[in-house]
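Okay, so here's the structure we're looking at.
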Amino acid sequence: MKVRDFRQIVSEAAAGDFVYFVPPYAPVSDTADFTTYSAGGFGWGDQQRLATAFVDLTKKGVYAMLSNSDTPAVRELYASFRIVEVSAARSVNSKADRRGKAPEVVIRNYGARSAAKRRIG
């Protein structure tokens with residue numbers, strides 16, 4: 001297993017490899033903006049670049065999967081791929097009544113539709 005910047009993964013991955021991305025999730029509301037896993041944050045432009053990397057991996061024959069928040073914008077970015085909604089436990093929130101299950105999506109470039117020719121952006 002390697003932990004790297006996602007841009008490096010595209011150049012290093014080869015056909016038949018498996019790559020799983022767990023990016024900072026896209027905000028689900030105007031006040032949900034925890035995107036600072038790293039210096040400089042991870043904004044919407046980074047989400048778009050990750051989606052482009054996902055397409056590039058698909059073109060190379062790399063099996064790719066990622067998880068993210070279930071938002072219309074995320075679903076649009078990955079509309080050509082297999083999107084499965086899951087319910088994930090949330091134990092961290094500034095408001096206790098908002099802890100619990102939250103909808104997320106798991107996106108794969110295998111097992112269904114493929115977006116090898118799709119351009120993101």
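Chain labels run A, B, ... following the order of the structure tokens; each chain numbers its residues from 1, and ligands are numbered from 1 in the order shown.
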Skip Ser11 of chain A itself and residues of its chain fewer than 6 positions away, then list as a PyMOL selection string all residues within 12 Å of it, counting only C-alpha atoms.
chain A and resi 4-5+53-54+56-57+60+62
Filtering to N, CA and C atoms, could you give me those residues as a PDB file, in the first residue's frame?
```pdb
ATOM      1  N   ARG A   4      -0.057   8.463  -1.199  1.00  0.00           N
ATOM      2  CA  ARG A   4       0.568   9.491  -2.025  1.00  0.00           C
ATOM      3  C   ARG A   4      -0.448  10.538  -2.424  1.00  0.00           C
ATOM      4  N   ASP A   5       0.053  11.643  -2.934  1.00  0.00           N
ATOM      5  CA  ASP A   5      -0.798  12.634  -3.566  1.00  0.00           C
ATOM      6  C   ASP A   5      -1.462  11.963  -4.757  1.00  0.00           C
ATOM      7  N   ALA A  53      -8.494  12.538 -12.606  1.00  0.00           N
ATOM      8  CA  ALA A  53      -7.538  11.452 -12.343  1.00  0.00           C
ATOM      9  C   ALA A  53      -8.234  10.101 -12.396  1.00  0.00           C
ATOM     10  N   PHE A  54      -9.471  10.047 -11.907  1.00  0.00           N
ATOM     11  CA  PHE A  54     -10.263   8.815 -11.936  1.00  0.00           C
ATOM     12  C   PHE A  54     -10.484   8.368 -13.386  1.00  0.00           C
ATOM     13  N   ASP A  56      -8.561   9.222 -15.943  1.00  0.00           N
ATOM     14  CA  ASP A  56      -7.249   8.843 -16.474  1.00  0.00           C
ATOM     15  C   ASP A  56      -6.872   7.423 -16.051  1.00  0.00           C
ATOM     16  N   LEU A  57      -7.162   7.065 -14.804  1.00  0.00           N
ATOM     17  CA  LEU A  57      -6.886   5.703 -14.348  1.00  0.00           C
ATOM     18  C   LEU A  57      -7.730   4.694 -15.115  1.00  0.00           C
ATOM     19  N   LYS A  60      -6.246   3.895 -18.354  1.00  0.00           N
ATOM     20  CA  LYS A  60      -5.059   3.057 -18.224  1.00  0.00           C
ATOM     21  C   LYS A  60      -5.390   1.616 -17.842  1.00  0.00           C
ATOM     22  N   VAL A  62      -6.729   0.762 -14.898  1.00  0.00           N
ATOM     23  CA  VAL A  62      -6.551   0.641 -13.450  1.00  0.00           C
ATOM     24  C   VAL A  62      -7.932   0.568 -12.800  1.00  0.00           C
TER      25      VAL A  62
END
```
Name all residues at most 12 Å from Arg108 of chain A (count only C-alpha atoms; drop same-chain ones fewer than 4 positions away) and give them as a PyMOL selection string.
chain A and resi 18-21+51+54-55+57-58+62-68+78-85+112-115
Quick one, how far is atom CA of Ala15 of chain A from atom CA of Asp46 of chain A?
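Going from atom CA of Ala15 of chain A over to atom CA of Asp46 of chain A covers 24.1 Å.
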What is the distance between atom CA of Tyr110 of chain A and atom CA of Gly16 of chain A, in Å to one decimal?
11.1 Å
Calculated over only C-alpha atoms, which of the candidates A:Val10, A:Val22, A:Val28, A:Val105 has the smallest distance to Arg75 of chain A?
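Going through A:Val10, A:Val22, A:Val28, A:Val105 one by one, the smallest distance to Arg75 of chain A is for A:Val105.
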Calculate how many Å separate atom CA of Met1 of chain A from atom CA of Asn109 of chain A, rounding to one decimal.
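Atom CA of Met1 of chain A sits 19.5 Å away from atom CA of Asn109 of chain A.
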List as JSON, numbers by chain the protein and nucleic acid residues near Arg7 of chain A, meaning an atom at most 10 Å away when only C-alpha atoms are counted, but skip any in the same chain fewer than 5 places from it.
{"A": [12, 49, 50, 52, 53]}
With only C-alpha atoms as the counted atoms, please give the residues lying no more than 12 Å from Asp70 of chain A, apart from itself and same-chain residues fewer than 6 positions off, as a list of chain:residue names.
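With the cut-off at 12 Å, the set is A:Tyr25, A:Ala26, A:Pro27, A:Val28, A:Ser29, A:Glu76, A:Leu77, A:Tyr78, A:Ile83, A:Val84, A:Glu85, A:Val86, A:Ser87, A:Ala88, A:Ala102, A:Pro103, A:Glu104, A:Val105, A:Val106, A:Ile107.
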Please dump the current selection as an mmCIF file, in the first residue's frame; keep N, CA, C and O atoms.
```cif
data_model
loop_
_atom_site.group_PDB
_atom_site.id
_atom_site.type_symbol
_atom_site.label_atom_id
_atom_site.label_comp_id
_atom_site.auth_asym_id
_atom_site.auth_seq_id
_atom_site.Cartn_x
_atom_site.Cartn_y
_atom_site.Cartn_z
ATOM 1 N N TYR A 25 -14.034 14.822 2.061
ATOM 2 C CA TYR A 25 -15.342 14.770 1.419
ATOM 3 C C TYR A 25 -15.825 16.160 1.014
ATOM 4 O O TYR A 25 -15.541 17.146 1.687
ATOM 5 N N ALA A 26 -16.578 16.183 -0.080
ATOM 6 C CA ALA A 26 -17.198 17.423 -0.527
ATOM 7 C C ALA A 26 -18.191 17.875 0.543
ATOM 8 O O ALA A 26 -18.908 17.047 1.111
ATOM 9 N N PRO A 27 -18.248 19.169 0.851
ATOM 10 C CA PRO A 27 -19.191 19.658 1.865
ATOM 11 C C PRO A 27 -20.637 19.353 1.472
ATOM 12 O O PRO A 27 -21.010 19.456 0.309
ATOM 13 N N VAL A 28 -21.442 18.979 2.470
ATOM 14 C CA VAL A 28 -22.852 18.675 2.212
ATOM 15 C C VAL A 28 -23.753 19.877 2.474
ATOM 16 O O VAL A 28 -24.941 19.832 2.187
ATOM 17 N N SER A 29 -23.176 20.945 3.035
ATOM 18 C CA SER A 29 -23.942 22.170 3.286
ATOM 19 C C SER A 29 -22.981 23.351 3.307
ATOM 20 O O SER A 29 -21.761 23.166 3.276
ATOM 21 N N GLU A 76 -22.753 14.235 -10.054
ATOM 22 C CA GLU A 76 -22.554 14.745 -11.417
ATOM 23 C C GLU A 76 -21.127 14.492 -11.890
ATOM 24 O O GLU A 76 -20.903 14.103 -13.034
ATOM 25 N N LEU A 77 -20.137 14.725 -11.021
ATOM 26 C CA LEU A 77 -18.741 14.485 -11.392
ATOM 27 C C LEU A 77 -18.506 13.055 -11.845
ATOM 28 O O LEU A 77 -17.704 12.801 -12.739
ATOM 29 N N TYR A 78 -19.173 12.113 -11.202
ATOM 30 C CA TYR A 78 -18.923 10.692 -11.445
ATOM 31 C C TYR A 78 -20.123 9.994 -12.093
ATOM 32 O O TYR A 78 -20.265 8.772 -11.984
ATOM 33 N N ILE A 83 -22.160 4.205 -9.120
ATOM 34 C CA ILE A 83 -22.313 4.936 -7.858
ATOM 35 C C ILE A 83 -23.267 4.151 -6.977
ATOM 36 O O ILE A 83 -24.391 3.852 -7.373
ATOM 37 N N VAL A 84 -22.798 3.818 -5.778
ATOM 38 C CA VAL A 84 -23.612 3.087 -4.820
ATOM 39 C C VAL A 84 -23.720 3.919 -3.546
ATOM 40 O O VAL A 84 -22.705 4.353 -2.996
ATOM 41 N N GLU A 85 -24.950 4.142 -3.090
ATOM 42 C CA GLU A 85 -25.155 4.885 -1.849
ATOM 43 C C GLU A 85 -24.973 3.937 -0.675
ATOM 44 O O GLU A 85 -25.452 2.810 -0.691
ATOM 45 N N VAL A 86 -24.258 4.404 0.331
ATOM 46 C CA VAL A 86 -24.071 3.652 1.569
ATOM 47 C C VAL A 86 -24.404 4.561 2.742
ATOM 48 O O VAL A 86 -24.421 5.781 2.616
ATOM 49 N N SER A 87 -24.655 3.964 3.871
ATOM 50 C CA SER A 87 -24.934 4.715 5.090
ATOM 51 C C SER A 87 -23.755 4.516 6.033
ATOM 52 O O SER A 87 -23.438 3.389 6.399
ATOM 53 N N ALA A 88 -23.112 5.598 6.389
ATOM 54 C CA ALA A 88 -21.913 5.524 7.222
ATOM 55 C C ALA A 88 -22.158 6.163 8.587
ATOM 56 O O ALA A 88 -22.829 7.193 8.684
ATOM 57 N N ALA A 102 -24.996 8.768 8.046
ATOM 58 C CA ALA A 102 -24.975 9.801 7.008
ATOM 59 C C ALA A 102 -24.832 9.122 5.650
ATOM 60 O O ALA A 102 -24.098 8.144 5.519
ATOM 61 N N PRO A 103 -25.520 9.629 4.644
ATOM 62 C CA PRO A 103 -25.379 9.029 3.318
ATOM 63 C C PRO A 103 -24.037 9.395 2.690
ATOM 64 O O PRO A 103 -23.588 10.534 2.768
ATOM 65 N N GLU A 104 -23.406 8.402 2.100
ATOM 66 C CA GLU A 104 -22.175 8.578 1.352
ATOM 67 C C GLU A 104 -22.319 7.819 0.049
ATOM 68 O O GLU A 104 -23.254 7.031 -0.111
ATOM 69 N N VAL A 105 -21.390 8.040 -0.852
ATOM 70 C CA VAL A 105 -21.356 7.256 -2.074
ATOM 71 C C VAL A 105 -20.015 6.560 -2.200
ATOM 72 O O VAL A 105 -18.983 7.078 -1.766
ATOM 73 N N VAL A 106 -20.065 5.371 -2.762
ATOM 74 C CA VAL A 106 -18.872 4.636 -3.162
ATOM 75 C C VAL A 106 -18.939 4.582 -4.682
ATOM 76 O O VAL A 106 -19.957 4.193 -5.257
ATOM 77 N N ILE A 107 -17.868 5.002 -5.308
ATOM 78 C CA ILE A 107 -17.823 5.126 -6.768
ATOM 79 C C ILE A 107 -16.738 4.188 -7.285
ATOM 80 O O ILE A 107 -15.631 4.157 -6.748
#
```
